[in-house]
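So the structure is just underneath, and the comments pick up after that.
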Amino acid sequence: MRLVRWLAWSVGVLFLLGTAFRLVDSFNLFATPPDLPESLNMVEFRLAVQDYRVAVWPIFLLSNLANGIGFMAVAALGLALANHVRGDSPHRVGIVAGLGIAGILGAVAQLLIIGVTQPTIDNAYCDCGFKETEIVSQIWAQQLAESASQWLVNAALVLSAIGLASAATAFRDRMPAAWNLFSWLTVVGLVAAAVIPFLRINPDLDLWLLAVVAGLMVPVWAIWLGASFRAGDGLIAEEA
């Protein structure tokens, strides 16, 4: 019981921190990007913003690191919750497969972004006579990695929705009705956060939707879960 509580609270706090750092980065609250003319080409622009990228790197790192560790906690929480579900219940599979795999994919996605970005911060180019070629290759490689990371995150969001739905169903008779309702609202939010960016409606909508889901709904769900587990001594899921 204590393990579930601490993992749930860890998920809530880590995603809250990760989202807060991301908003600080997105709204340039830590450092201000330079005002550059639109006439700059790709290489010139990258070199002009390098100092800014170095300045915001700590915030970028903390955001992705907090989210990455948060996903690891999600995987562990899924395994811990499964121990409170009957072995013959299909909800046990949904919780383990949903939260467990989601946590792994999400953690890989965040660590991938950190690993790809760090070399471009430490050294913008090698100054070995092919600066332009190296910078262009570096940018494209980073874009490919970011795209792969985003697909992993989207998969993690959908799988997390499956895990939350399974948990909401499995524990519906042992948890507050309001938590159960909020779980399903969070499921809808997770799916929407994965799907809506593909519609290309508005980048700001994508940002705020993910911020609300990852930085508000998931932390509230997780912390509420931890608090409810603390309230009881025998939280065992219903029979399938």
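Every chain in the structure tokens takes a letter, A first, then B, and so on in the order presented; its residues are numbered from 1, and the ligands are numbered from 1 following the presented order.
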**OP:** Would you list the contacts of stretch 66-74 of chain A as a PyMOL selection string, taking every protein, DNA or RNA residue within 7 Å and counting only C-alpha atoms, but skipping same-chain residues closer than 6 positions in sequence?
**Re:** chain A and resi 7+10-11+14-15+17-18+99-100+103-104+106-107+110-111
Now that the selection is made, can you save its residues with C-alpha atoms as an mmCIF file, in the first residue's frame?
```cif
data_model
loop_
_atom_site.group_PDB
_atom_site.id
_atom_site.type_symbol
_atom_site.label_atom_id
_atom_site.label_comp_id
_atom_site.auth_asym_id
_atom_site.auth_seq_id
_atom_site.Cartn_x
_atom_site.Cartn_y
_atom_site.Cartn_z
ATOM 1 C CA LEU A 7 4.628 5.944 -6.682
ATOM 2 C CA SER A 10 5.786 10.678 -7.479
ATOM 3 C CA VAL A 11 3.927 10.485 -10.795
ATOM 4 C CA LEU A 14 7.107 14.739 -11.536
ATOM 5 C CA PHE A 15 4.630 15.462 -14.331
ATOM 6 C CA LEU A 17 7.257 19.784 -12.510
ATOM 7 C CA GLY A 18 7.945 18.610 -16.057
ATOM 8 C CA LEU A 99 0.711 1.777 -17.686
ATOM 9 C CA GLY A 100 3.743 -0.508 -17.833
ATOM 10 C CA GLY A 103 5.958 4.206 -18.921
ATOM 11 C CA ILE A 104 8.732 2.469 -20.851
ATOM 12 C CA GLY A 106 7.534 7.580 -22.548
ATOM 13 C CA ALA A 107 10.818 7.292 -20.678
ATOM 14 C CA GLN A 110 12.278 11.748 -23.124
ATOM 15 C CA LEU A 111 15.771 10.290 -22.791
#
```
Pull the closest atom pair for each residue of stretch 32-70 of chain A that gets at most 12 Å from stretch 139-146 of chain A, along with the distance in Å to one decimal, counting only C-alpha atoms, ordering rows by chain and then ascending residue number, as JSON lines.
```
{"residue": "A:Met42", "atom": "CA", "partner": "A:Ile139", "partner_atom": "CA", "distance": 8.8}
{"residue": "A:Val43", "atom": "CA", "partner": "A:Ile139", "partner_atom": "CA", "distance": 9.1}
{"residue": "A:Phe45", "atom": "CA", "partner": "A:Ile139", "partner_atom": "CA", "distance": 11.2}
{"residue": "A:Arg46", "atom": "CA", "partner": "A:Ile139", "partner_atom": "CA", "distance": 8.6}
{"residue": "A:Leu47", "atom": "CA", "partner": "A:Ile139", "partner_atom": "CA", "distance": 11.4}
```
Original post:
Do you have the atom CA of A:Asn180-atom CA of A:Leu157 distance handy?
Top reply: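 It comes out at 18.6 Å.
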Original post:
Smallest atom-to-atom distance to A:Ala80: which of A:Met1, A:Val13, A:Leu205, A:Ile121, using only C-alpha atoms?
Top reply: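 Selected residue with least distance to A:Ala80: A:Met1.
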Original post:
Neighbours of A:His91 within 8 Å (only C-alpha atoms; same-chain residues fewer than 4 positions away dropped), as a list in words?
Top reply: Val85, Ile95, Ser166, Ala167, Thr169, Ala170 and Ala240 of chain A
Would you return as a short mmCIF file (atom, residue, chain, number, x, y, z; two decimals) with N, CA and C atoms, in the first residue's frame the members of stretch 13-235 of chain A that DSSP assigns to alpha helix (DSSP H) on this structure's backbone?
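Done, and the output landed in result.cif:
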```cif
data_model
loop_
_atom_site.label_atom_id
_atom_site.label_comp_id
_atom_site.auth_asym_id
_atom_site.auth_seq_id
_atom_site.Cartn_x
_atom_site.Cartn_y
_atom_site.Cartn_z
N VAL A 13 3.78 14.58 -8.89
CA VAL A 13 4.74 15.67 -8.70
C VAL A 13 5.67 15.81 -9.91
N LEU A 14 6.15 14.69 -10.43
CA LEU A 14 7.11 14.74 -11.54
C LEU A 14 6.48 15.32 -12.81
N PHE A 15 5.26 14.91 -13.14
CA PHE A 15 4.63 15.46 -14.33
C PHE A 15 4.23 16.92 -14.14
N LEU A 16 3.90 17.28 -12.92
CA LEU A 16 3.62 18.68 -12.63
C LEU A 16 4.87 19.53 -12.85
N LEU A 17 6.00 19.06 -12.33
CA LEU A 17 7.26 19.78 -12.51
C LEU A 17 7.68 19.81 -13.97
N GLY A 18 7.57 18.67 -14.65
CA GLY A 18 7.95 18.61 -16.06
C GLY A 18 7.15 19.58 -16.91
N THR A 19 5.85 19.66 -16.66
CA THR A 19 5.00 20.59 -17.41
C THR A 19 5.34 22.03 -17.08
N ALA A 20 5.60 22.31 -15.81
CA ALA A 20 5.95 23.68 -15.42
C ALA A 20 7.22 24.14 -16.11
N PHE A 21 8.24 23.28 -16.12
CA PHE A 21 9.49 23.63 -16.81
C PHE A 21 9.27 23.81 -18.31
N ARG A 22 8.41 22.99 -18.89
CA ARG A 22 8.15 23.11 -20.32
C ARG A 22 7.48 24.44 -20.64
N LEU A 23 6.55 24.88 -19.79
CA LEU A 23 5.89 26.16 -20.02
C LEU A 23 6.87 27.32 -19.85
N VAL A 24 7.77 27.19 -18.87
CA VAL A 24 8.81 28.21 -18.70
C VAL A 24 9.65 28.33 -19.95
N ASP A 25 9.99 27.18 -20.54
CA ASP A 25 10.77 27.16 -21.78
C ASP A 25 9.97 27.72 -22.94
N SER A 26 8.71 27.30 -23.08
CA SER A 26 7.89 27.70 -24.22
C SER A 26 7.61 29.20 -24.23
N MET A 42 19.13 28.53 -42.77
CA MET A 42 19.10 27.56 -41.68
C MET A 42 20.38 27.60 -40.84
N VAL A 43 21.52 27.63 -41.50
CA VAL A 43 22.79 27.61 -40.79
C VAL A 43 23.00 28.90 -40.01
N GLU A 44 22.73 30.03 -40.65
CA GLU A 44 22.89 31.32 -39.98
C GLU A 44 21.97 31.43 -38.77
N PHE A 45 20.76 30.95 -38.92
CA PHE A 45 19.80 31.02 -37.81
C PHE A 45 20.26 30.15 -36.64
N ARG A 46 20.74 28.95 -36.95
CA ARG A 46 21.19 28.04 -35.89
C ARG A 46 22.36 28.63 -35.12
N LEU A 47 23.29 29.22 -35.82
CA LEU A 47 24.43 29.83 -35.16
C LEU A 47 24.02 31.04 -34.33
N ALA A 48 23.03 31.80 -34.83
CA ALA A 48 22.60 33.01 -34.13
C ALA A 48 21.86 32.69 -32.83
N GLN A 50 22.44 29.94 -30.98
CA GLN A 50 23.17 28.96 -30.19
C GLN A 50 23.33 29.39 -28.74
N ASP A 51 23.66 30.65 -28.52
CA ASP A 51 23.82 31.13 -27.14
C ASP A 51 22.52 31.01 -26.36
N TYR A 52 21.41 31.28 -27.03
CA TYR A 52 20.10 31.14 -26.38
C TYR A 52 19.82 29.68 -26.05
N ARG A 53 20.13 28.78 -26.98
CA ARG A 53 19.92 27.36 -26.75
C ARG A 53 20.74 26.87 -25.56
N VAL A 54 21.96 27.36 -25.45
CA VAL A 54 22.81 27.00 -24.32
C VAL A 54 22.21 27.54 -23.01
N ALA A 55 21.64 28.75 -23.08
CA ALA A 55 21.09 29.38 -21.88
C ALA A 55 19.87 28.63 -21.35
N VAL A 56 19.01 28.14 -22.26
CA VAL A 56 17.78 27.47 -21.82
C VAL A 56 17.96 25.96 -21.65
N TRP A 57 19.14 25.45 -21.96
CA TRP A 57 19.38 24.02 -21.84
C TRP A 57 19.04 23.46 -20.46
N PRO A 58 19.39 24.11 -19.35
CA PRO A 58 19.03 23.55 -18.04
C PRO A 58 17.52 23.35 -17.87
N ILE A 59 16.72 24.31 -18.36
CA ILE A 59 15.27 24.19 -18.25
C ILE A 59 14.76 23.06 -19.15
N PHE A 60 15.29 23.00 -20.36
CA PHE A 60 14.93 21.93 -21.30
C PHE A 60 15.28 20.57 -20.71
N LEU A 61 16.45 20.47 -20.12
CA LEU A 61 16.90 19.21 -19.51
C LEU A 61 16.00 18.82 -18.35
N LEU A 62 15.69 19.76 -17.46
CA LEU A 62 14.87 19.46 -16.30
C LEU A 62 13.46 19.04 -16.70
N SER A 63 12.92 19.69 -17.72
CA SER A 63 11.58 19.35 -18.19
C SER A 63 11.52 17.91 -18.69
N ASN A 64 12.42 17.56 -19.59
CA ASN A 64 12.40 16.22 -20.16
C ASN A 64 12.84 15.16 -19.15
N LEU A 65 13.75 15.53 -18.27
CA LEU A 65 14.19 14.57 -17.26
C LEU A 65 13.07 14.28 -16.26
N ALA A 66 12.36 15.32 -15.83
CA ALA A 66 11.24 15.11 -14.91
C ALA A 66 10.16 14.26 -15.55
N ASN A 67 9.84 14.54 -16.81
CA ASN A 67 8.85 13.73 -17.50
C ASN A 67 9.33 12.29 -17.70
N GLY A 68 10.62 12.14 -18.02
CA GLY A 68 11.17 10.80 -18.21
C GLY A 68 11.09 9.97 -16.94
N ILE A 69 11.50 10.56 -15.81
CA ILE A 69 11.42 9.84 -14.54
C ILE A 69 9.95 9.61 -14.17
N GLY A 70 9.09 10.59 -14.52
CA GLY A 70 7.67 10.41 -14.29
C GLY A 70 7.11 9.21 -15.02
N PHE A 71 7.54 9.02 -16.27
CA PHE A 71 7.09 7.85 -17.02
C PHE A 71 7.60 6.56 -16.39
N MET A 72 8.84 6.59 -15.89
CA MET A 72 9.36 5.41 -15.19
C MET A 72 8.49 5.09 -13.98
N ALA A 73 8.07 6.12 -13.26
CA ALA A 73 7.19 5.92 -12.11
C ALA A 73 5.84 5.38 -12.54
N VAL A 74 5.36 5.79 -13.72
CA VAL A 74 4.10 5.27 -14.25
C VAL A 74 4.20 3.76 -14.46
N ALA A 75 5.32 3.31 -15.06
CA ALA A 75 5.52 1.88 -15.27
C ALA A 75 5.52 1.12 -13.94
N ALA A 76 6.24 1.66 -12.96
CA ALA A 76 6.29 1.01 -11.65
C ALA A 76 4.93 1.03 -10.98
N LEU A 77 4.19 2.13 -11.14
CA LEU A 77 2.85 2.22 -10.55
C LEU A 77 1.92 1.18 -11.15
N GLY A 78 2.03 0.97 -12.46
CA GLY A 78 1.20 -0.05 -13.09
C GLY A 78 1.45 -1.43 -12.49
N LEU A 79 2.71 -1.78 -12.28
CA LEU A 79 3.04 -3.07 -11.68
C LEU A 79 2.54 -3.15 -10.24
N ALA A 80 2.67 -2.04 -9.50
CA ALA A 80 2.23 -2.03 -8.11
C ALA A 80 0.71 -2.15 -8.01
N LEU A 81 0.00 -1.45 -8.89
CA LEU A 81 -1.46 -1.54 -8.89
C LEU A 81 -1.93 -2.94 -9.25
N ALA A 82 -1.21 -3.58 -10.17
CA ALA A 82 -1.61 -4.92 -10.61
C ALA A 82 -1.59 -5.91 -9.46
N PRO A 90 -9.26 -9.49 -16.20
CA PRO A 90 -8.70 -8.88 -17.40
C PRO A 90 -8.18 -7.47 -17.17
N HIS A 91 -8.67 -6.83 -16.11
CA HIS A 91 -8.20 -5.48 -15.81
C HIS A 91 -6.74 -5.47 -15.40
N ARG A 92 -6.26 -6.58 -14.85
CA ARG A 92 -4.85 -6.68 -14.47
C ARG A 92 -3.97 -6.55 -15.70
N VAL A 93 -4.38 -7.21 -16.79
CA VAL A 93 -3.62 -7.13 -18.04
C VAL A 93 -3.65 -5.70 -18.58
N GLY A 94 -4.81 -5.06 -18.52
CA GLY A 94 -4.93 -3.69 -19.01
C GLY A 94 -4.06 -2.73 -18.24
N ILE A 95 -3.98 -2.90 -16.93
CA ILE A 95 -3.17 -2.02 -16.10
C ILE A 95 -1.68 -2.22 -16.38
N ILE A 101 3.81 -0.49 -20.27
CA ILE A 101 4.43 -0.21 -21.56
C ILE A 101 4.46 1.29 -21.83
N ALA A 102 3.41 1.99 -21.41
CA ALA A 102 3.39 3.45 -21.59
C ALA A 102 4.57 4.10 -20.88
N GLY A 103 4.84 3.64 -19.66
CA GLY A 103 5.96 4.21 -18.92
C GLY A 103 7.29 3.97 -19.60
N ILE A 104 7.47 2.79 -20.16
CA ILE A 104 8.73 2.47 -20.85
C ILE A 104 8.89 3.33 -22.10
N LEU A 105 7.84 3.39 -22.93
CA LEU A 105 7.91 4.17 -24.17
C LEU A 105 8.12 5.66 -23.87
N GLY A 106 7.40 6.16 -22.89
CA GLY A 106 7.53 7.58 -22.55
C GLY A 106 8.92 7.92 -22.03
N ALA A 107 9.48 7.04 -21.20
CA ALA A 107 10.82 7.29 -20.68
C ALA A 107 11.85 7.27 -21.79
N VAL A 108 11.73 6.31 -22.71
CA VAL A 108 12.65 6.25 -23.85
C VAL A 108 12.54 7.52 -24.68
N ALA A 109 11.32 8.00 -24.90
CA ALA A 109 11.11 9.20 -25.71
C ALA A 109 11.81 10.41 -25.09
N GLN A 110 11.68 10.59 -23.79
CA GLN A 110 12.28 11.75 -23.12
C GLN A 110 13.80 11.64 -23.10
N LEU A 111 14.31 10.46 -22.82
CA LEU A 111 15.77 10.29 -22.79
C LEU A 111 16.37 10.43 -24.18
N LEU A 112 15.62 10.03 -25.21
CA LEU A 112 16.09 10.19 -26.58
C LEU A 112 16.28 11.66 -26.92
N ILE A 113 15.32 12.48 -26.53
CA ILE A 113 15.41 13.92 -26.80
C ILE A 113 16.61 14.53 -26.08
N ILE A 114 16.81 14.13 -24.83
CA ILE A 114 17.95 14.66 -24.07
C ILE A 114 19.26 14.25 -24.74
N GLY A 115 19.36 12.98 -25.09
CA GLY A 115 20.59 12.48 -25.68
C GLY A 115 20.92 13.09 -27.03
N VAL A 116 19.90 13.37 -27.83
CA VAL A 116 20.12 13.96 -29.14
C VAL A 116 20.47 15.44 -29.05
N THR A 117 19.90 16.11 -28.08
CA THR A 117 20.10 17.57 -27.97
C THR A 117 21.42 17.93 -27.30
N GLN A 118 21.83 17.15 -26.32
CA GLN A 118 23.02 17.52 -25.55
C GLN A 118 24.27 17.74 -26.40
N PRO A 119 24.58 16.89 -27.39
CA PRO A 119 25.80 17.15 -28.20
C PRO A 119 25.74 18.47 -28.95
N THR A 120 24.54 18.90 -29.35
CA THR A 120 24.42 20.18 -30.06
C THR A 120 24.58 21.36 -29.12
N ILE A 121 24.42 21.13 -27.84
CA ILE A 121 24.63 22.18 -26.85
C ILE A 121 26.11 22.25 -26.48
N ASP A 122 26.71 21.10 -26.28
CA ASP A 122 28.11 21.06 -25.89
C ASP A 122 29.04 21.58 -26.98
N LYS A 131 31.55 23.19 -41.79
CA LYS A 131 30.62 23.71 -40.79
C LYS A 131 29.18 23.69 -41.28
N GLU A 132 28.93 24.22 -42.47
CA GLU A 132 27.57 24.30 -42.97
C GLU A 132 26.95 22.91 -43.12
N THR A 133 27.71 21.99 -43.71
CA THR A 133 27.21 20.63 -43.91
C THR A 133 26.92 19.95 -42.57
N GLU A 134 27.82 20.15 -41.62
CA GLU A 134 27.65 19.53 -40.32
C GLU A 134 26.42 20.07 -39.61
N ILE A 135 26.21 21.38 -39.65
CA ILE A 135 25.07 21.97 -38.95
C ILE A 135 23.76 21.53 -39.58
N VAL A 136 23.70 21.52 -40.92
CA VAL A 136 22.47 21.07 -41.59
C VAL A 136 22.19 19.61 -41.25
N SER A 137 23.21 18.76 -41.29
CA SER A 137 23.03 17.35 -40.94
C SER A 137 22.58 17.20 -39.50
N GLN A 138 23.16 18.02 -38.63
CA GLN A 138 22.82 17.98 -37.22
C GLN A 138 21.35 18.34 -37.01
N ILE A 139 20.89 19.37 -37.70
CA ILE A 139 19.50 19.81 -37.56
C ILE A 139 18.53 18.73 -38.04
N TRP A 140 18.83 18.14 -39.20
CA TRP A 140 17.94 17.11 -39.73
C TRP A 140 17.94 15.87 -38.85
N ALA A 141 19.09 15.50 -38.33
CA ALA A 141 19.16 14.35 -37.43
C ALA A 141 18.33 14.60 -36.18
N GLN A 142 18.40 15.82 -35.66
CA GLN A 142 17.64 16.15 -34.47
C GLN A 142 16.14 16.15 -34.76
N GLN A 143 15.75 16.63 -35.94
CA GLN A 143 14.34 16.63 -36.30
C GLN A 143 13.80 15.21 -36.42
N LEU A 144 14.60 14.32 -37.00
CA LEU A 144 14.18 12.92 -37.11
C LEU A 144 14.00 12.30 -35.72
N ALA A 145 14.94 12.58 -34.83
CA ALA A 145 14.86 12.04 -33.47
C ALA A 145 13.65 12.62 -32.73
N GLU A 146 13.39 13.90 -32.92
CA GLU A 146 12.24 14.53 -32.27
C GLU A 146 10.93 13.94 -32.77
N SER A 147 10.88 13.65 -34.08
CA SER A 147 9.68 13.02 -34.64
C SER A 147 9.47 11.63 -34.05
N ALA A 148 10.54 10.85 -33.97
CA ALA A 148 10.45 9.52 -33.38
C ALA A 148 10.02 9.61 -31.92
N SER A 149 10.57 10.58 -31.20
CA SER A 149 10.22 10.78 -29.80
C SER A 149 8.74 11.13 -29.64
N GLN A 150 8.24 11.96 -30.54
CA GLN A 150 6.84 12.36 -30.46
C GLN A 150 5.90 11.18 -30.70
N TRP A 151 6.28 10.31 -31.63
CA TRP A 151 5.46 9.11 -31.86
C TRP A 151 5.47 8.20 -30.64
N LEU A 152 6.61 8.09 -29.98
CA LEU A 152 6.67 7.29 -28.77
C LEU A 152 5.80 7.90 -27.67
N VAL A 153 5.83 9.22 -27.55
CA VAL A 153 5.00 9.90 -26.55
C VAL A 153 3.52 9.69 -26.86
N ASN A 154 3.15 9.81 -28.14
CA ASN A 154 1.75 9.60 -28.52
C ASN A 154 1.30 8.19 -28.16
N ALA A 155 2.15 7.21 -28.44
CA ALA A 155 1.83 5.83 -28.07
C ALA A 155 1.70 5.69 -26.56
N ALA A 156 2.58 6.36 -25.83
CA ALA A 156 2.52 6.31 -24.36
C ALA A 156 1.23 6.93 -23.84
N LEU A 157 0.78 8.01 -24.47
CA LEU A 157 -0.47 8.65 -24.05
C LEU A 157 -1.65 7.72 -24.24
N VAL A 158 -1.72 7.07 -25.40
CA VAL A 158 -2.84 6.16 -25.68
C VAL A 158 -2.80 4.96 -24.74
N LEU A 159 -1.62 4.38 -24.54
CA LEU A 159 -1.50 3.24 -23.64
C LEU A 159 -1.81 3.63 -22.20
N SER A 160 -1.42 4.85 -21.82
CA SER A 160 -1.77 5.34 -20.48
C SER A 160 -3.28 5.44 -20.31
N ALA A 161 -3.95 5.86 -21.38
CA ALA A 161 -5.41 5.93 -21.34
C ALA A 161 -6.02 4.54 -21.10
N ILE A 162 -5.45 3.53 -21.77
CA ILE A 162 -5.93 2.16 -21.56
C ILE A 162 -5.68 1.72 -20.12
N GLY A 163 -4.50 2.05 -19.60
CA GLY A 163 -4.19 1.69 -18.22
C GLY A 163 -5.10 2.38 -17.22
N LEU A 164 -5.38 3.66 -17.43
CA LEU A 164 -6.27 4.39 -16.52
C LEU A 164 -7.68 3.84 -16.60
N ALA A 165 -8.13 3.53 -17.81
CA ALA A 165 -9.48 2.97 -17.96
C ALA A 165 -9.59 1.64 -17.24
N SER A 166 -8.55 0.82 -17.35
CA SER A 166 -8.55 -0.48 -16.67
C SER A 166 -8.56 -0.29 -15.15
N ALA A 167 -7.76 0.66 -14.67
CA ALA A 167 -7.72 0.91 -13.23
C ALA A 167 -9.05 1.45 -12.73
N ALA A 168 -9.66 2.35 -13.49
CA ALA A 168 -10.95 2.92 -13.10
C ALA A 168 -12.01 1.83 -13.00
N THR A 169 -11.98 0.89 -13.93
CA THR A 169 -12.96 -0.20 -13.92
C THR A 169 -12.66 -1.19 -12.81
N ALA A 170 -11.40 -1.52 -12.64
CA ALA A 170 -11.02 -2.52 -11.64
C ALA A 170 -11.33 -2.06 -10.22
N ALA A 177 -16.45 7.63 -6.05
CA ALA A 177 -17.12 7.75 -7.35
C ALA A 177 -16.58 8.94 -8.14
N ALA A 178 -16.23 10.01 -7.43
CA ALA A 178 -15.69 11.20 -8.11
C ALA A 178 -14.34 10.89 -8.75
N TRP A 179 -13.52 10.09 -8.08
CA TRP A 179 -12.23 9.69 -8.67
C TRP A 179 -12.44 8.85 -9.92
N ASN A 180 -13.43 7.96 -9.87
CA ASN A 180 -13.72 7.13 -11.03
C ASN A 180 -14.14 7.98 -12.22
N LEU A 181 -15.00 8.96 -11.98
CA LEU A 181 -15.43 9.86 -13.05
C LEU A 181 -14.25 10.66 -13.59
N PHE A 182 -13.42 11.16 -12.68
CA PHE A 182 -12.25 11.94 -13.11
C PHE A 182 -11.27 11.06 -13.89
N SER A 183 -11.20 9.78 -13.54
CA SER A 183 -10.33 8.87 -14.29
C SER A 183 -10.75 8.81 -15.75
N TRP A 184 -12.05 8.71 -15.99
CA TRP A 184 -12.53 8.64 -17.37
C TRP A 184 -12.35 9.96 -18.10
N LEU A 185 -12.48 11.07 -17.40
CA LEU A 185 -12.19 12.36 -18.03
C LEU A 185 -10.71 12.45 -18.41
N THR A 186 -9.85 11.93 -17.56
CA THR A 186 -8.42 11.92 -17.86
C THR A 186 -8.11 11.01 -19.03
N VAL A 187 -8.82 9.89 -19.14
CA VAL A 187 -8.66 9.00 -20.29
C VAL A 187 -8.97 9.75 -21.58
N VAL A 188 -10.08 10.48 -21.60
CA VAL A 188 -10.44 11.27 -22.78
C VAL A 188 -9.37 12.31 -23.08
N GLY A 189 -8.86 12.96 -22.03
CA GLY A 189 -7.83 13.97 -22.22
C GLY A 189 -6.55 13.38 -22.80
N LEU A 190 -6.15 12.21 -22.33
CA LEU A 190 -4.94 11.57 -22.84
C LEU A 190 -5.06 11.23 -24.32
N VAL A 191 -6.20 10.68 -24.70
CA VAL A 191 -6.42 10.34 -26.11
C VAL A 191 -6.45 11.61 -26.96
N ALA A 192 -7.12 12.64 -26.46
CA ALA A 192 -7.20 13.90 -27.21
C ALA A 192 -5.81 14.51 -27.38
N ALA A 193 -4.98 14.45 -26.35
CA ALA A 193 -3.63 15.01 -26.43
C ALA A 193 -2.78 14.28 -27.46
N ALA A 194 -3.08 13.00 -27.72
CA ALA A 194 -2.34 12.24 -28.71
C ALA A 194 -2.88 12.45 -30.12
N VAL A 195 -4.18 12.70 -30.25
CA VAL A 195 -4.82 12.75 -31.57
C VAL A 195 -4.87 14.15 -32.15
N ILE A 196 -5.21 15.14 -31.34
CA ILE A 196 -5.45 16.49 -31.85
C ILE A 196 -4.25 17.10 -32.58
N PRO A 197 -3.00 16.89 -32.13
CA PRO A 197 -1.87 17.44 -32.90
C PRO A 197 -1.83 16.99 -34.35
N PHE A 198 -2.36 15.80 -34.66
CA PHE A 198 -2.37 15.33 -36.03
C PHE A 198 -3.35 16.11 -36.90
N LEU A 199 -4.32 16.77 -36.28
CA LEU A 199 -5.29 17.56 -37.02
C LEU A 199 -4.73 18.92 -37.44
N PRO A 203 -0.91 25.09 -33.09
CA PRO A 203 0.16 24.64 -32.19
C PRO A 203 -0.06 25.05 -30.74
N ASP A 204 -0.65 26.23 -30.53
CA ASP A 204 -0.93 26.66 -29.15
C ASP A 204 -1.94 25.74 -28.49
N LEU A 205 -2.94 25.28 -29.26
CA LEU A 205 -3.92 24.34 -28.72
C LEU A 205 -3.24 23.05 -28.30
N ASP A 206 -2.32 22.56 -29.13
CA ASP A 206 -1.58 21.34 -28.81
C ASP A 206 -0.81 21.50 -27.51
N LEU A 207 -0.14 22.65 -27.38
CA LEU A 207 0.68 22.91 -26.19
C LEU A 207 -0.18 22.95 -24.92
N TRP A 208 -1.27 23.72 -24.98
CA TRP A 208 -2.09 23.90 -23.79
C TRP A 208 -2.86 22.63 -23.43
N LEU A 209 -3.28 21.88 -24.45
CA LEU A 209 -3.99 20.63 -24.16
C LEU A 209 -3.06 19.66 -23.44
N LEU A 210 -1.84 19.51 -23.94
CA LEU A 210 -0.89 18.61 -23.29
C LEU A 210 -0.53 19.12 -21.89
N ALA A 211 -0.44 20.45 -21.74
CA ALA A 211 -0.12 21.02 -20.44
C ALA A 211 -1.23 20.74 -19.43
N VAL A 212 -2.48 20.86 -19.86
CA VAL A 212 -3.61 20.60 -18.97
C VAL A 212 -3.67 19.13 -18.59
N VAL A 218 -3.41 14.51 -14.97
CA VAL A 218 -2.67 13.33 -14.52
C VAL A 218 -2.16 13.51 -13.08
N PRO A 219 -1.55 14.66 -12.72
CA PRO A 219 -1.15 14.82 -11.32
C PRO A 219 -2.30 14.73 -10.33
N VAL A 220 -3.45 15.34 -10.66
CA VAL A 220 -4.61 15.25 -9.76
C VAL A 220 -5.06 13.80 -9.62
N TRP A 221 -5.13 13.09 -10.75
CA TRP A 221 -5.54 11.68 -10.72
C TRP A 221 -4.58 10.86 -9.86
N ALA A 222 -3.29 11.05 -10.07
CA ALA A 222 -2.30 10.24 -9.37
C ALA A 222 -2.26 10.56 -7.87
N ILE A 223 -2.27 11.84 -7.52
CA ILE A 223 -2.21 12.21 -6.11
C ILE A 223 -3.49 11.78 -5.39
N TRP A 224 -4.63 11.90 -6.07
CA TRP A 224 -5.89 11.43 -5.51
C TRP A 224 -5.85 9.93 -5.27
N LEU A 225 -5.30 9.21 -6.23
CA LEU A 225 -5.14 7.76 -6.08
C LEU A 225 -4.30 7.43 -4.85
N GLY A 226 -3.17 8.13 -4.71
CA GLY A 226 -2.31 7.89 -3.56
C GLY A 226 -3.01 8.17 -2.25
N ALA A 227 -3.79 9.24 -2.20
CA ALA A 227 -4.51 9.59 -0.99
C ALA A 227 -5.57 8.55 -0.66
N SER A 228 -6.24 8.01 -1.67
CA SER A 228 -7.28 7.01 -1.44
C SER A 228 -6.69 5.70 -0.97
N PHE A 229 -5.56 5.33 -1.50
CA PHE A 229 -4.90 4.12 -1.03
C PHE A 229 -4.50 4.26 0.43
N ARG A 230 -4.12 5.42 0.85
CA ARG A 230 -3.75 5.64 2.24
C ARG A 230 -4.95 5.49 3.16
N ALA A 231 -6.16 5.77 2.64
CA ALA A 231 -7.36 5.77 3.47
C ALA A 231 -7.83 4.36 3.81
#
```
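You will find atom CA of A:Arg174 at 16.5 Å from atom CA of A:Ala8.
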Original post:
Between atom CA of A:Phe27 and atom CA of A:Val49, what is the spacing in Å?
Top reply: 15.9 Å
